[in-house]
Amino acid sequence: MDRTLFFSAQAGRTLEAPRRIKTRFAIGDVVKHKTFDFRGVIFDIDPVFANSEEWYSSIPEEIRPDRNQPFYHLLAESDESDYVAYVSQQNLVNDALTGPVSHPDVHQYFEQFENGRYRMRRKLTH
């Protein structure tokens with residue numbers, strides 16, 4: 001498999017990942033966690049786990065996700081608060097039918113919510 005290296009500031013190190021990955025979700029998609037009661041909009045995607053070892057080790061071993069899958073950065077919301085979440089692909093399902101996300105930072109990244117997803121602001125795209 002063709003692989004590449006990339007530096008993750010969040011992990012504080014260089015990581016190896018497949019040069020091409022297949023993701024189930026895209027930036028702007030609204031998703032929810034399969035187990036925990038929160039939902040959010042995806043604003044960034046890592047091809048493999050790219051957070052700190054401390055973060056990964058803090059997840060109980062019996063529910064710890066595989067590192068070799070896409071991980072998504074979400075502007076997340078729950079009944080209690082709004083926050084940024086980092087979630088493995090295996091733990092997400094589509095939640096577009098529930099409507100837009102009310103996270104206060106949504107409008108920094110996205111334009112309108114349309115057809116079940118957000119469109120990223122033009123100034124943030126390549």
# chains A, B, ... in the order shown; residues from 1 in each chain; ligands from 1
>>> residues_around(residues="stretch 1-5 of chain A", least_positions_apart="4", cutoff="9 Å", atoms="only C-alpha atoms", output="JSON, numbers by chain")
{"A": [14, 15, 16, 17, 18, 19, 20]}
>>> write_last_selection(atoms="N, CA and C atoms", output="PDB file, in the first residue's frame")
ATOM      1  N   THR A  14       5.415  13.216  13.726  1.00  0.00           N
ATOM      2  CA  THR A  14       5.144  12.808  12.355  1.00  0.00           C
ATOM      3  C   THR A  14       4.501  11.438  12.377  1.00  0.00           C
ATOM      4  N   LEU A  15       3.455  11.276  11.561  1.00  0.00           N
ATOM      5  CA  LEU A  15       2.704  10.023  11.506  1.00  0.00           C
ATOM      6  C   LEU A  15       2.729   9.452  10.099  1.00  0.00           C
ATOM      7  N   GLU A  16       2.570   8.157  10.003  1.00  0.00           N
ATOM      8  CA  GLU A  16       2.476   7.485   8.720  1.00  0.00           C
ATOM      9  C   GLU A  16       1.021   7.155   8.460  1.00  0.00           C
ATOM     10  N   ALA A  17       0.587   7.337   7.212  1.00  0.00           N
ATOM     11  CA  ALA A  17      -0.801   7.053   6.846  1.00  0.00           C
ATOM     12  C   ALA A  17      -0.860   6.613   5.392  1.00  0.00           C
ATOM     13  N   PRO A  18      -1.928   5.926   5.019  1.00  0.00           N
ATOM     14  CA  PRO A  18      -2.112   5.602   3.599  1.00  0.00           C
ATOM     15  C   PRO A  18      -2.194   6.896   2.788  1.00  0.00           C
ATOM     16  N   ARG A  19      -1.644   6.867   1.581  1.00  0.00           N
ATOM     17  CA  ARG A  19      -1.681   8.053   0.726  1.00  0.00           C
ATOM     18  C   ARG A  19      -3.122   8.389   0.337  1.00  0.00           C
ATOM     19  N   ARG A  20      -3.957   7.383   0.191  1.00  0.00           N
ATOM     20  CA  ARG A  20      -5.378   7.576  -0.121  1.00  0.00           C
ATOM     21  C   ARG A  20      -6.204   6.802   0.898  1.00  0.00           C
TER      22      ARG A  20
END
>>> closest_atom_pairs(of="stretch 7-29 of chain A", to="stretch 116-121 of chain A", cutoff="12 Å", atoms="only C-alpha atoms", output="tab-separated table")
residue	atom	partner	partner_atom	distance
A:Phe25	CA	A:Arg117	CA	10.7
A:Ala26	CA	A:Arg117	CA	9.4
A:Ile27	CA	A:Met120	CA	7.6
A:Gly28	CA	A:Tyr118	CA	4.4
A:Asp29	CA	A:Arg117	CA	5.0
>>> write_last_selection(atoms="N, CA, C and O atoms", output="PDB file, in the first residue's frame")
ATOM      1  N   PHE A  25     -17.652   9.806   5.692  1.00  0.00           N
ATOM      2  CA  PHE A  25     -18.243  11.131   5.864  1.00  0.00           C
ATOM      3  C   PHE A  25     -17.323  12.192   5.279  1.00  0.00           C
ATOM      4  O   PHE A  25     -16.145  11.934   5.048  1.00  0.00           O
ATOM      5  N   ALA A  26     -17.869  13.396   5.085  1.00  0.00           N
ATOM      6  CA  ALA A  26     -17.103  14.498   4.498  1.00  0.00           C
ATOM      7  C   ALA A  26     -17.235  15.744   5.378  1.00  0.00           C
ATOM      8  O   ALA A  26     -18.125  15.824   6.229  1.00  0.00           O
ATOM      9  N   ILE A  27     -16.348  16.694   5.151  1.00  0.00           N
ATOM     10  CA  ILE A  27     -16.440  17.976   5.850  1.00  0.00           C
ATOM     11  C   ILE A  27     -17.802  18.590   5.519  1.00  0.00           C
ATOM     12  O   ILE A  27     -18.220  18.622   4.367  1.00  0.00           O
ATOM     13  N   GLY A  28     -18.494  19.033   6.572  1.00  0.00           N
ATOM     14  CA  GLY A  28     -19.828  19.605   6.415  1.00  0.00           C
ATOM     15  C   GLY A  28     -20.949  18.645   6.741  1.00  0.00           C
ATOM     16  O   GLY A  28     -22.098  19.059   6.917  1.00  0.00           O
ATOM     17  N   ASP A  29     -20.654  17.359   6.834  1.00  0.00           N
ATOM     18  CA  ASP A  29     -21.684  16.373   7.187  1.00  0.00           C
ATOM     19  C   ASP A  29     -22.053  16.494   8.661  1.00  0.00           C
ATOM     20  O   ASP A  29     -21.191  16.725   9.508  1.00  0.00           O
TER      21      ASP A  29
END
>>> select_by_dssp(residues="stretch 11-121 of chain A", states="alpha helix (DSSP H)", output="NGL selection string")
:A and (53-57 or 106-109)
>>> residues_around(residues="stretch 80-93 of chain A", least_positions_apart="4", cutoff="6 Å", atoms="only C-alpha atoms", output="JSON, numbers by chain")
{"A": [31, 32, 33, 34, 70, 71, 72, 73, 74, 75, 76, 103]}
>>> atom_distance(atom1="atom CA of A:Glu77", atom2="atom CA of A:Thr98")
12.7 Å
